[in-house]
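Below is the file final32.cif, which contains mmCIF, C-alpha atoms and all ligand atoms.
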data_run
loop_
_atom_site.label_atom_id
_atom_site.label_comp_id
_atom_site.auth_asym_id
_atom_site.auth_seq_id
_atom_site.Cartn_x
_atom_site.Cartn_y
_atom_site.Cartn_z
CA MET I 1 -59.20 37.43 91.27
CA SER I 2 -56.20 35.90 89.51
CA ARG I 3 -52.47 36.45 89.74
CA ILE I 4 -51.41 37.46 86.22
CA VAL I 5 -47.90 38.00 84.82
CA VAL I 6 -47.83 40.48 81.94
CA THR I 7 -44.57 40.57 79.96
CA GLY I 8 -43.83 43.93 78.36
CA GLY I 9 -46.05 45.49 81.03
CA ALA I 10 -44.18 48.80 80.79
CA GLY I 11 -44.87 49.17 77.04
CA ARG I 12 -47.51 51.10 75.11
CA LEU I 13 -50.18 48.39 75.31
CA GLY I 14 -48.76 46.84 78.49
CA ARG I 15 -49.41 49.92 80.63
CA SER I 16 -53.12 50.01 79.76
CA LEU I 17 -53.44 46.25 80.05
CA VAL I 18 -51.77 46.11 83.46
CA SER I 19 -53.83 48.98 84.78
CA GLY I 20 -57.09 47.57 83.32
CA LEU I 21 -56.51 44.12 84.83
CA ALA I 22 -55.53 45.62 88.19
CA THR I 23 -58.67 47.77 88.17
CA ALA I 24 -60.70 44.63 87.40
CA GLY I 25 -59.39 43.23 90.71
CA HIS I 26 -56.49 41.04 89.56
CA GLU I 27 -53.07 40.88 91.14
CA VAL I 28 -50.77 41.82 88.27
CA VAL I 29 -46.99 41.44 87.98
CA SER I 30 -45.21 43.20 85.13
CA PHE I 31 -42.08 41.56 83.70
CA ASP I 32 -40.10 44.05 81.62
CA ARG I 33 -36.52 45.13 81.01
CA THR I 34 -36.71 47.94 83.51
CA ARG I 35 -39.11 49.08 86.17
CA SER I 36 -41.33 51.93 84.99
CA ASP I 37 -42.49 54.92 87.02
CA ASP I 38 -45.50 55.41 84.73
CA PRO I 39 -48.60 56.16 86.88
CA ALA I 40 -50.44 53.28 85.16
CA LEU I 41 -48.10 50.89 86.97
CA ALA I 42 -48.37 52.57 90.38
CA GLY I 43 -48.92 49.90 93.00
CA VAL I 44 -48.25 47.07 90.53
CA ALA I 45 -45.43 44.62 91.25
CA GLN I 46 -42.67 44.91 88.66
CA VAL I 47 -39.86 42.49 87.89
CA ALA I 48 -36.91 43.89 85.93
CA ILE I 49 -35.66 41.08 83.71
CA ASP I 50 -34.19 40.40 80.28
CA LEU I 51 -36.73 37.88 78.99
CA ALA I 52 -34.30 36.74 76.30
CA ASP I 53 -32.39 35.06 79.15
CA ALA I 54 -34.34 31.78 79.12
CA ASP I 55 -32.95 30.43 82.41
CA ALA I 56 -33.63 33.64 84.33
CA THR I 57 -37.10 33.85 82.76
CA ALA I 58 -37.96 30.25 83.64
CA HIS I 59 -36.80 30.84 87.21
CA ALA I 60 -38.74 34.10 87.57
CA LEU I 61 -41.89 32.46 86.20
CA GLN I 62 -41.52 29.57 88.67
CA GLU I 63 -41.26 32.11 91.47
CA ALA I 64 -44.26 34.10 90.24
CA HIS I 65 -46.83 31.42 91.19
CA ALA I 66 -49.12 32.88 88.56
CA ASP I 67 -52.57 31.72 87.45
CA ALA I 68 -52.08 33.24 84.02
CA LEU I 69 -49.47 34.79 81.74
CA ILE I 70 -50.01 37.37 79.00
CA HIS I 71 -46.96 37.71 76.76
CA LEU I 72 -46.57 41.12 75.10
CA ALA I 73 -42.80 41.71 75.20
CA ALA I 74 -41.42 41.98 71.68
CA ILE I 75 -39.99 44.28 69.08
CA ALA I 76 -43.43 45.65 68.32
CA VAL I 77 -42.99 47.68 65.13
CA PRO I 78 -42.21 46.23 61.68
CA PHE I 79 -38.85 47.39 60.25
CA SER I 80 -37.93 49.18 63.51
CA ALA I 81 -34.79 46.99 63.63
CA PRO I 82 -32.98 44.87 61.04
CA GLU I 83 -35.12 41.95 59.90
CA HIS I 84 -32.82 39.32 61.46
CA VAL I 85 -32.91 41.15 64.81
CA ILE I 86 -36.73 41.30 64.83
CA MET I 87 -36.99 37.63 63.92
CA ARG I 88 -34.38 36.48 66.43
CA THR I 89 -35.73 38.64 69.26
CA ASN I 90 -39.41 37.82 68.88
CA ALA I 91 -38.83 34.12 68.21
CA MET I 92 -36.43 33.88 71.14
CA LEU I 93 -38.87 35.63 73.47
CA ALA I 94 -41.68 33.31 72.33
CA ILE I 95 -39.73 30.21 73.35
CA SER I 96 -38.16 31.74 76.43
CA VAL I 97 -41.40 33.16 77.88
CA LEU I 98 -44.00 30.68 76.66
CA GLY I 99 -41.70 27.72 77.30
CA GLY I 100 -40.86 29.07 80.76
CA ALA I 101 -44.55 29.50 81.52
CA VAL I 102 -45.30 25.92 80.43
CA ALA I 103 -42.42 24.61 82.55
CA ALA I 104 -43.73 26.60 85.52
CA GLY I 105 -47.15 24.99 85.06
CA ILE I 106 -48.97 28.29 84.59
CA PRO I 107 -52.43 27.03 83.57
CA LYS I 108 -53.45 29.88 81.24
CA ILE I 109 -51.00 31.24 78.67
CA VAL I 110 -51.87 33.98 76.20
CA ALA I 111 -49.68 35.84 73.69
CA ALA I 112 -50.03 38.94 71.55
CA SER I 113 -49.86 38.29 67.84
CA SER I 114 -50.74 40.91 65.22
CA PRO I 115 -53.17 41.44 62.32
CA THR I 116 -50.08 41.92 60.11
CA VAL I 117 -49.83 38.12 59.82
CA LEU I 118 -52.41 38.49 57.03
CA GLY I 119 -49.84 40.13 54.77
CA TYR I 120 -51.46 43.44 53.77
CA GLY I 121 -49.02 45.95 52.36
CA ALA I 122 -46.92 43.32 50.59
CA PRO I 123 -44.87 45.06 47.86
CA THR I 124 -46.11 42.51 45.31
CA GLY I 125 -49.74 43.42 46.03
CA TRP I 126 -52.48 42.13 48.29
CA VAL I 127 -56.02 41.17 47.37
CA PRO I 128 -57.78 39.12 50.07
CA GLY I 129 -60.37 36.56 49.07
CA ARG I 130 -63.05 38.46 50.95
CA PHE I 131 -63.81 41.15 53.52
CA PRO I 132 -64.17 41.50 56.42
CA LEU I 133 -60.93 39.80 57.37
CA ASP I 134 -61.27 37.30 60.17
CA GLU I 135 -59.54 34.36 61.86
CA ASP I 136 -60.27 32.12 58.84
CA THR I 137 -58.33 34.45 56.51
CA ALA I 138 -55.13 32.62 55.60
CA PRO I 139 -51.92 34.15 57.06
CA ALA I 140 -49.45 35.41 54.44
CA PRO I 141 -46.69 37.29 56.33
CA TRP I 142 -44.32 39.25 54.12
CA ASN I 143 -41.81 40.66 56.64
CA ALA I 144 -39.94 39.44 59.71
CA TYR I 145 -42.28 41.12 62.20
CA ALA I 146 -45.39 39.50 60.70
CA LEU I 147 -43.59 36.18 60.38
CA SER I 148 -42.49 36.36 64.02
CA LYS I 149 -46.12 36.91 65.04
CA HIS I 150 -47.24 33.95 62.95
CA LEU I 151 -44.54 31.99 64.74
CA ILE I 152 -45.90 32.98 68.15
CA GLU I 153 -49.32 31.64 67.20
CA GLN I 154 -47.67 28.41 66.05
CA THR I 155 -45.54 28.26 69.22
CA LEU I 156 -48.68 28.28 71.38
CA ARG I 157 -50.12 25.45 69.29
CA MET I 158 -46.85 23.54 69.57
CA TYR I 159 -47.01 23.72 73.37
CA ALA I 160 -50.70 22.75 73.30
CA ARG I 161 -49.66 19.61 71.41
CA GLN I 162 -47.15 18.88 74.18
CA THR I 163 -49.38 19.51 77.16
CA GLY I 164 -52.91 18.78 75.95
CA ASP I 165 -55.70 20.57 77.75
CA THR I 166 -53.95 20.73 81.13
CA ILE I 167 -52.74 24.17 80.01
CA ARG I 168 -55.05 26.50 78.09
CA PHE I 169 -53.55 28.74 75.40
CA ALA I 170 -54.76 31.54 73.13
CA ALA I 171 -53.31 34.16 70.81
CA PHE I 172 -54.85 37.54 70.15
CA ARG I 173 -54.25 40.01 67.34
CA PRO I 174 -54.83 43.51 68.65
CA CYS I 175 -55.48 46.06 65.94
CA TYR I 176 -53.64 49.42 66.00
CA VAL I 177 -53.73 50.16 69.73
CA ILE I 178 -54.80 53.64 70.83
CA ALA I 179 -54.21 54.48 74.50
CA PRO I 180 -56.33 57.01 76.41
CA GLU I 181 -53.69 59.77 76.24
CA GLU I 182 -53.51 59.33 72.46
CA TRP I 183 -57.16 60.31 72.08
CA ALA I 184 -56.16 63.52 73.85
CA GLY I 185 -53.42 64.25 71.29
CA ALA I 186 -50.32 62.29 72.32
CA PRO I 187 -48.51 60.67 69.37
CA THR I 188 -49.59 57.14 68.46
CA GLN I 189 -47.21 54.23 67.77
CA GLN I 190 -46.30 55.58 64.30
CA GLY I 191 -45.55 59.06 65.65
CA HIS I 192 -48.58 60.99 64.41
CA THR I 193 -51.80 61.80 66.25
CA VAL I 194 -55.14 60.02 65.84
CA ARG I 195 -56.53 63.15 64.20
CA GLU I 196 -53.68 63.21 61.66
CA ARG I 197 -54.36 59.54 60.97
CA LEU I 198 -57.99 60.35 60.24
CA ASP I 199 -57.29 63.48 58.19
CA ASP I 200 -54.75 61.71 55.97
CA PRO I 201 -55.97 58.21 55.05
CA ALA I 202 -52.49 57.38 53.73
CA LEU I 203 -51.34 57.21 57.38
CA SER I 204 -53.97 54.67 58.42
CA ALA I 205 -53.99 52.67 55.16
CA PRO I 206 -50.90 50.57 56.09
CA ALA I 207 -53.03 49.03 58.90
CA VAL I 208 -56.09 48.82 56.59
CA PHE I 209 -57.71 51.45 58.86
CA ASN I 210 -57.89 49.12 61.85
CA TYR I 211 -57.66 50.21 65.48
CA VAL I 212 -58.72 49.29 68.99
CA ASP I 213 -58.81 51.21 72.25
CA ALA I 214 -56.21 49.89 74.72
CA ARG I 215 -58.87 49.67 77.44
CA ASP I 216 -60.92 47.39 75.20
CA VAL I 217 -57.85 45.14 74.87
CA ALA I 218 -57.76 44.96 78.68
CA THR I 219 -61.42 43.91 78.93
CA PHE I 220 -60.81 41.44 76.09
CA CYS I 221 -57.89 39.81 77.96
CA ASP I 222 -59.85 39.67 81.20
CA ARG I 223 -62.75 37.99 79.44
CA LEU I 224 -60.44 35.65 77.49
CA LEU I 225 -58.68 34.41 80.63
CA GLU I 226 -62.00 33.75 82.29
CA ALA I 227 -63.36 31.89 79.23
CA LEU I 228 -60.22 29.86 78.40
CA PRO I 229 -61.19 26.62 80.19
CA GLY I 230 -64.49 26.45 78.30
CA ILE I 231 -63.39 27.20 74.73
CA PRO I 232 -61.30 25.14 72.28
CA ASN I 233 -57.59 25.25 73.09
CA ALA I 234 -55.04 27.47 71.28
CA GLU I 235 -57.55 29.65 69.43
CA THR I 236 -56.63 32.97 67.82
CA PHE I 237 -58.75 36.13 68.08
CA PHE I 238 -58.82 39.51 66.40
CA VAL I 239 -59.33 42.34 68.86
CA ALA I 240 -60.81 45.15 66.82
CA ALA I 241 -63.04 48.18 67.26
CA ASP I 242 -66.47 47.93 65.68
CA ASP I 243 -65.75 50.62 63.11
CA ALA I 244 -62.93 51.69 60.80
CA LEU I 245 -60.47 54.46 61.66
CA ALA I 246 -61.54 56.48 58.67
CA ARG I 247 -63.83 59.35 57.77
CA GLU I 248 -64.90 57.72 54.48
CA PRO I 249 -66.35 54.25 53.84
CA LEU I 250 -63.65 51.63 53.25
CA ALA I 251 -65.47 50.54 50.08
CA ASP I 252 -63.98 53.75 48.64
CA LEU I 253 -60.72 53.95 50.59
CA VAL I 254 -59.44 50.38 50.43
CA PRO I 255 -59.30 50.13 46.59
CA ARG I 256 -57.48 53.48 46.53
CA PHE I 257 -54.61 52.05 48.58
CA PHE I 258 -54.84 48.34 47.66
CA PRO I 259 -55.23 48.11 43.88
CA GLY I 260 -57.46 45.31 42.66
CA THR I 261 -59.68 45.18 45.77
CA ASP I 262 -62.67 47.09 44.32
CA GLU I 263 -64.92 44.07 44.15
CA VAL I 264 -64.08 42.43 47.49
CA ALA I 265 -64.11 45.77 49.34
CA ALA I 266 -67.59 46.68 48.10
CA VAL I 267 -69.11 45.16 51.28
CA LEU I 268 -67.25 47.70 53.46
CA THR I 269 -70.01 50.29 53.40
CA GLY I 270 -70.71 52.99 55.98
CA THR I 271 -68.38 52.74 58.96
CA THR I 272 -67.71 48.99 58.56
CA SER I 273 -64.26 47.83 59.62
CA ALA I 274 -62.11 45.64 57.37
CA PHE I 275 -61.54 43.39 60.44
CA SER I 276 -64.25 41.34 62.10
CA ASN I 277 -64.45 40.96 65.87
CA ALA I 278 -67.32 38.47 65.55
CA LYS I 279 -65.35 35.49 66.90
CA ALA I 280 -64.52 37.25 70.17
CA ARG I 281 -68.15 38.30 70.47
CA ARG I 282 -69.38 34.77 69.80
CA LEU I 283 -66.91 32.69 71.84
CA LEU I 284 -66.12 35.13 74.63
CA GLY I 285 -69.12 37.42 74.85
CA TRP I 286 -66.72 40.37 74.55
CA ALA I 287 -67.47 43.62 72.74
CA PRO I 288 -65.48 46.84 72.44
CA THR I 289 -67.02 49.87 74.13
CA HIS I 290 -64.81 52.62 72.68
CA SER I 291 -64.87 54.21 69.23
CA TRP I 292 -62.96 57.17 67.77
CA ARG I 293 -66.33 58.82 67.35
CA SER I 294 -66.89 58.81 71.11
CA GLU I 295 -63.28 59.29 72.23
CA LEU I 296 -61.92 62.15 70.11
CA PRO I 297 -62.50 65.68 71.38
CA ALA I 298 -65.50 67.23 69.62
CA THR I 299 -63.25 69.73 67.82
CA ASP I 300 -61.48 66.84 66.07
CA LEU I 301 -64.75 65.17 65.10
CA ASP I 302 -66.10 68.34 63.55
CA ARG I 303 -63.76 68.53 60.62
CA LYS I 304 -65.57 70.85 58.22
CA ASP I 305 -64.92 68.88 55.05
CA ALA I 306 -65.55 65.49 56.66
CA PRO I 307 -68.33 63.60 54.89
CA THR I 308 -71.26 62.36 56.94
CA TRP I 309 -73.13 59.16 56.41
CA THR I 310 -75.49 56.90 58.29
CA SER I 311 -73.72 54.30 60.41
CA THR I 312 -74.18 50.71 59.31
CA ALA I 313 -71.09 49.28 60.93
CA SER I 314 -72.39 48.03 64.22
CA SER I 315 -74.54 45.37 62.69
CA SER I 316 -72.54 44.51 59.60
CA SER I 317 -69.18 44.11 61.33
CA ARG I 318 -70.30 41.78 64.10
N1 LIG D 1 -49.35 48.62 69.80
C1 LIG D 1 -50.01 48.07 68.78
O1 LIG D 1 -50.69 48.76 68.03
C2 LIG D 1 -49.94 46.58 68.55
C3 LIG D 1 -50.70 46.01 67.52
C4 LIG D 1 -50.62 44.62 67.30
C5 LIG D 1 -49.82 43.84 68.10
N2 LIG D 1 -49.09 44.43 69.10
C6 LIG D 1 -48.26 43.57 69.93
O2 LIG D 1 -48.53 43.85 71.29
C7 LIG D 1 -47.35 43.73 72.06
C8 LIG D 1 -47.09 45.03 72.82
O3 LIG D 1 -46.94 46.09 71.89
P1 LIG D 1 -46.57 47.56 72.40
O4 LIG D 1 -47.05 48.50 71.37
O5 LIG D 1 -46.99 47.74 73.80
O6 LIG D 1 -44.98 47.51 72.30
P2 LIG D 1 -43.89 48.34 73.16
O7 LIG D 1 -42.65 48.35 72.35
O8 LIG D 1 -44.45 49.64 73.61
O9 LIG D 1 -43.68 47.42 74.43
C9 LIG D 1 -42.93 46.24 74.39
C10 LIG D 1 -42.33 46.05 75.76
O10 LIG D 1 -41.59 44.83 75.74
C11 LIG D 1 -40.42 45.04 76.50
N3 LIG D 1 -39.37 44.11 76.06
C12 LIG D 1 -38.92 43.92 74.80
N4 LIG D 1 -37.92 43.04 74.80
C13 LIG D 1 -37.73 42.64 76.10
C14 LIG D 1 -36.84 41.75 76.74
N5 LIG D 1 -35.90 41.07 76.07
N6 LIG D 1 -36.94 41.59 78.08
C15 LIG D 1 -37.88 42.29 78.77
N7 LIG D 1 -38.74 43.15 78.22
C16 LIG D 1 -38.67 43.33 76.89
C17 LIG D 1 -40.01 46.48 76.21
O11 LIG D 1 -39.16 46.99 77.23
C18 LIG D 1 -41.37 47.18 76.15
O12 LIG D 1 -41.75 47.72 77.41
C19 LIG D 1 -46.24 43.36 71.09
O13 LIG D 1 -46.08 41.96 71.11
C20 LIG D 1 -46.78 43.82 69.75
O14 LIG D 1 -46.21 43.08 68.69
C21 LIG D 1 -49.13 45.76 69.35
#

When written as structure tokens, how does the structure in this file appear?
Amino acid sequence: MSRIVVTGGAGRLGRSLVSGLATAGHEVVSFDRTRSDDPALAGVAQVAIDLADADATAHALQEAHADALIHLAAIAVPFSAPEHVIMRTNAMLAISVLGGAVAAGIPKIVAASSPTVLGYGAPTGWVPGRFPLDEDTAPAPWNAYALSKHLIEQTLRMYARQTGDTIRFAAFRPCYVIAPEEWAGAPTQQGHTVRERLDDPALSAPAVFNYVDARDVATFCDRLLEALPGIPNAETFFVAADDALAREPLADLVPRFFPGTDEVAAVLTGTTSAFSNAKARRLLGWAPTHSWRSELPATDLDRKDAPTWTSTASSSSR
């Protein structure tokens, strides 16, 4: 059992993460702007704080006496605010929170990055060197949100250079997070339902059809914190479902939305995801246990015109 501070604990991902870690037996403290009455946070300690206030944040982190910190608080959606506001906010929070955690001597420090650091969707085009995308794929952010996430990964490495291995760091890139209520029909982060995202590939294409169940992110973080002392410092991990959020193979879909990718996308047969979770499997022994095929109500799975094919994803995406 660890004492874990989660920043942004009242947010979309934060609620599932806090509740998953608490259920796993940890003592969790949520740091967010306001206290939330969401049932997921029932019984969880909450600190209402503006994390952009570096002095207040450093003080609160000193007082928290935490074994670990997971930093989620951010402007979490590209172009949801002016570019300079996203950059300033996320960069400021990175230094304020991660720097405060280092100063407080919290021995395990983890931060949420994003797959968008890879640069898909760039207006000038995007053709990766190969699929599936993984942690060796070179970052190429093309907007302030993606750049701010690249900066968070670099901020962790900067602190690792300052502190050496006395503090263990890691960044994780959760794919498009789907919370339990969203499988049941609540709107996802972009405002449409999971079913709408599946029925209209144009909705899921901006994320290259990636996704992950929020509960799988919670088990990932639990496993990551446990493994941190025994793995190389300041690593980055994709946190992705095993399959793609699509009813057709990505070998067909990806070239339709990303011109010029026909050849590299040819490996994305069956249900294979464009994003590999192999590193988390290998280094952490973590695996996702949720898929849209098991989580969506049967009525949504049974779309009459949906093609069927034999699954090949589980082996090829690992
Ligand atoms: N949801 C996804 O699909 C997804 C995918 C990839 C990465 N991420 C990353 O995961 C993290 C969480 O995403 P989310 O979807 O839960 O976002 P969210 O917007 O739902 O939650 C963010 C939380 O941070 C808090 N916050 C923001 N600024 C703050 C400040 N100055 N002081 C205190 N609290 C502050 C907000 O109040 C909110 O509760 C973000 O860093 C995001 O970039 C999310």

| Please, what distance in Å, to one decimal, runs between atom CA of I:Val254 and atom CA of I:Asp242? |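 Separating atom CA of I:Val254 from atom CA of I:Asp242 is a distance of 17.0 Å.
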
Within 7 Å of ligand LIG 1 (chain D), which residues of chain I show up? Give each one with its shortest atom-to-atom distance in Å (one decimal) and the two atoms involved, counting only C-alpha atoms and all ligand atoms, rows by chain then rising residue number, as a tab-separated table.
residue	atom	partner	partner_atom	distance
I:Thr7	CA	D:LIG1	N7	6.6
I:Gly8	CA	D:LIG1	O10	3.6
I:Gly9	CA	D:LIG1	O12	6.0
I:Ala10	CA	D:LIG1	O12	4.3
I:Gly11	CA	D:LIG1	O9	3.4
I:Arg12	CA	D:LIG1	O5	3.6
I:Leu13	CA	D:LIG1	O5	3.6
I:Gly14	CA	D:LIG1	O5	5.1
I:Phe31	CA	D:LIG1	C15	6.5
I:Asp32	CA	D:LIG1	N7	3.8
I:Arg33	CA	D:LIG1	C15	3.9
I:Thr34	CA	D:LIG1	O11	6.8
I:Ile49	CA	D:LIG1	C15	5.5
I:Asp50	CA	D:LIG1	N6	3.7
I:Leu51	CA	D:LIG1	N6	3.8
I:Ala52	CA	D:LIG1	N5	4.6
I:Leu72	CA	D:LIG1	C7	4.1
I:Ala73	CA	D:LIG1	O10	3.4
I:Ala74	CA	D:LIG1	C12	4.4
I:Ile75	CA	D:LIG1	C12	5.8
I:Ala76	CA	D:LIG1	O14	3.8
I:Val77	CA	D:LIG1	O14	6.6
I:Leu93	CA	D:LIG1	N5	6.7
I:Ala112	CA	D:LIG1	O13	5.0
I:Ser113	CA	D:LIG1	C5	5.6
I:Ser114	CA	D:LIG1	C5	4.2
I:Pro115	CA	D:LIG1	C4	6.4
I:Arg173	CA	D:LIG1	C4	5.9
I:Pro174	CA	D:LIG1	C4	4.6
I:Cys175	CA	D:LIG1	C3	5.0
I:Tyr176	CA	D:LIG1	O1	3.6
I:Val177	CA	D:LIG1	O1	3.8
I:Ile178	CA	D:LIG1	O1	7.0
I:Gln189	CA	D:LIG1	N1	6.3

Counting only C-alpha atoms, which residues of stretch 136-227 of chain I sit at most 10 Å from some atom of stretch 80-90 of chain I, and what is each one's closest atom pair with its distance in Å to one decimal, listed by chain and rising residue number, as JSON lines?
{"residue": "I:Asn143", "atom": "CA", "partner": "I:Glu83", "partner_atom": "CA", "distance": 7.6}
{"residue": "I:Ala144", "atom": "CA", "partner": "I:Glu83", "partner_atom": "CA", "distance": 5.4}
{"residue": "I:Tyr145", "atom": "CA", "partner": "I:Ile86", "partner_atom": "CA", "distance": 6.1}
{"residue": "I:Ala146", "atom": "CA", "partner": "I:Met87", "partner_atom": "CA", "distance": 9.2}
{"residue": "I:Leu147", "atom": "CA", "partner": "I:Met87", "partner_atom": "CA", "distance": 7.6}
{"residue": "I:Ser148", "atom": "CA", "partner": "I:Met87", "partner_atom": "CA", "distance": 5.6}
{"residue": "I:Lys149", "atom": "CA", "partner": "I:Asn90", "partner_atom": "CA", "distance": 7.8}
{"residue": "I:Leu151", "atom": "CA", "partner": "I:Asn90", "partner_atom": "CA", "distance": 8.8}
{"residue": "I:Ile152", "atom": "CA", "partner": "I:Asn90", "partner_atom": "CA", "distance": 8.1}

| task | Compile the contact shell of I:Leu250 as a list of chain:residue names: residues with an atom at most 10 Å away, counting only C-alpha atoms, same-chain residues fewer than 4 positions apart removed. | result |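 Residues near the query, excluding close chain neighbours: I:Ala205, I:Val208, I:Phe209, I:Ala244, I:Leu245, I:Ala246, I:Val254, I:Pro255, I:Arg256, I:Ala265, I:Ala266, I:Val267, I:Leu268, I:Thr269, I:Gly270, I:Thr271, I:Thr272, I:Ser273, I:Ala274.
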
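Atom CA of I:Arg3 to atom CA of I:Ala66 spans 5.0 Å [interatomic distance, one decimal].
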
| field | Within-12 Å shell of (-54.3, 20.8, 77.1) in input frame, only C-alpha atoms, as a count of residues only | value | 28

| request: Could you give me, as a VMD selection string, the residues that have an atom at most 8 Å away from the point (-65.9, 38.5, 64.6) in the coordinates of the file, using only C-alpha atoms? | output: chain I and resid 134 238 275 to 282 317 to 318

| field | For atom CA of I:Thr193 and atom CA of I:Tyr211, the interatomic separation in Å (one decimal) | value |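 Separation between atom CA of I:Thr193 and atom CA of I:Tyr211: 13.0 Å.
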
| task | Give the answer as one residue: which of I:Asp38, I:Ser16, I:Gly260, I:Pro180 has the shortest atom-to-atom distance to I:Thr124, using all atoms listed in the file? | result | I:Gly260

| said: Set the distance at 12 Å and use all atoms listed in the file: which residues neighbour I:Pro206 once local chain neighbours fewer than 4 positions away are removed? I'd like the list as a PyMOL selection string. | reply: chain I and resi 78+115-116+119-123+126+175-176+190+197+200-202+210-211+245+253-254+256-258

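The shortest atom-to-atom distance to I:Ala111, with only C-alpha atoms taken into account, belongs to I:Glu153 out of I:Glu153, I:Asp216, I:Glu135, I:Asp262.
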
| message | Residues within 10 Å of I:Ala103, please, as a ChimeraX atom specification. Count all atoms listed in the file; anything in the same chain fewer than 2 positions from it doesn't count. | response | /I:58-59,61-62,97-101,105-106

Restricting the output to C-alpha atoms, write the selected residues as a PDB file, in the frame of the given file.
ATOM      1  CA  ALA I  58     -37.960  30.250  83.640  1.00  0.00           C
ATOM      2  CA  HIS I  59     -36.800  30.840  87.210  1.00  0.00           C
ATOM      3  CA  LEU I  61     -41.890  32.460  86.200  1.00  0.00           C
ATOM      4  CA  GLN I  62     -41.520  29.570  88.670  1.00  0.00           C
ATOM      5  CA  VAL I  97     -41.400  33.160  77.880  1.00  0.00           C
ATOM      6  CA  LEU I  98     -44.000  30.680  76.660  1.00  0.00           C
ATOM      7  CA  GLY I  99     -41.700  27.720  77.300  1.00  0.00           C
ATOM      8  CA  GLY I 100     -40.860  29.070  80.760  1.00  0.00           C
ATOM      9  CA  ALA I 101     -44.550  29.500  81.520  1.00  0.00           C
ATOM     10  CA  GLY I 105     -47.150  24.990  85.060  1.00  0.00           C
ATOM     11  CA  ILE I 106     -48.970  28.290  84.590  1.00  0.00           C
TER      12      ILE I 106
END

| message | I'd like to know which of I:His150, I:Arg35, I:Arg247, I:Arg15 is closest to I:Leu118, using only C-alpha atoms. | response | I:His150

| Spatial neighbours of I:Leu41, max dist 8 Å, all atoms listed in the file, sep filter under 2 positions, as a list of chain:residue names |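 Those residues are I:Ala10, I:Arg15, I:Val18, I:Ser19, I:Ser36, I:Asp37, I:Asp38, I:Pro39, I:Gly43, I:Val44.
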
| query | Smallest atom-to-atom distance to I:Thr261: which of I:Val6, I:His65, I:Trp142, I:Pro128, using all atoms listed in the file? | reply |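 Smallest separation from I:Thr261 among the options: I:Pro128.
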
| For I:Arg293, which residue out of I:Cys221, I:Ala251, I:Arg195, I:Phe237 is the nearest one, using all atoms listed in the file? |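 Distance minimum relative to I:Arg293 lands on I:Arg195.
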
| query | Which one of I:Gly285, I:Val47, I:Thr23, I:Thr188 sits closest to I:Ser204 if you count all atoms listed in the file? | reply |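 The answer is I:Thr188, which sits nearest to I:Ser204.
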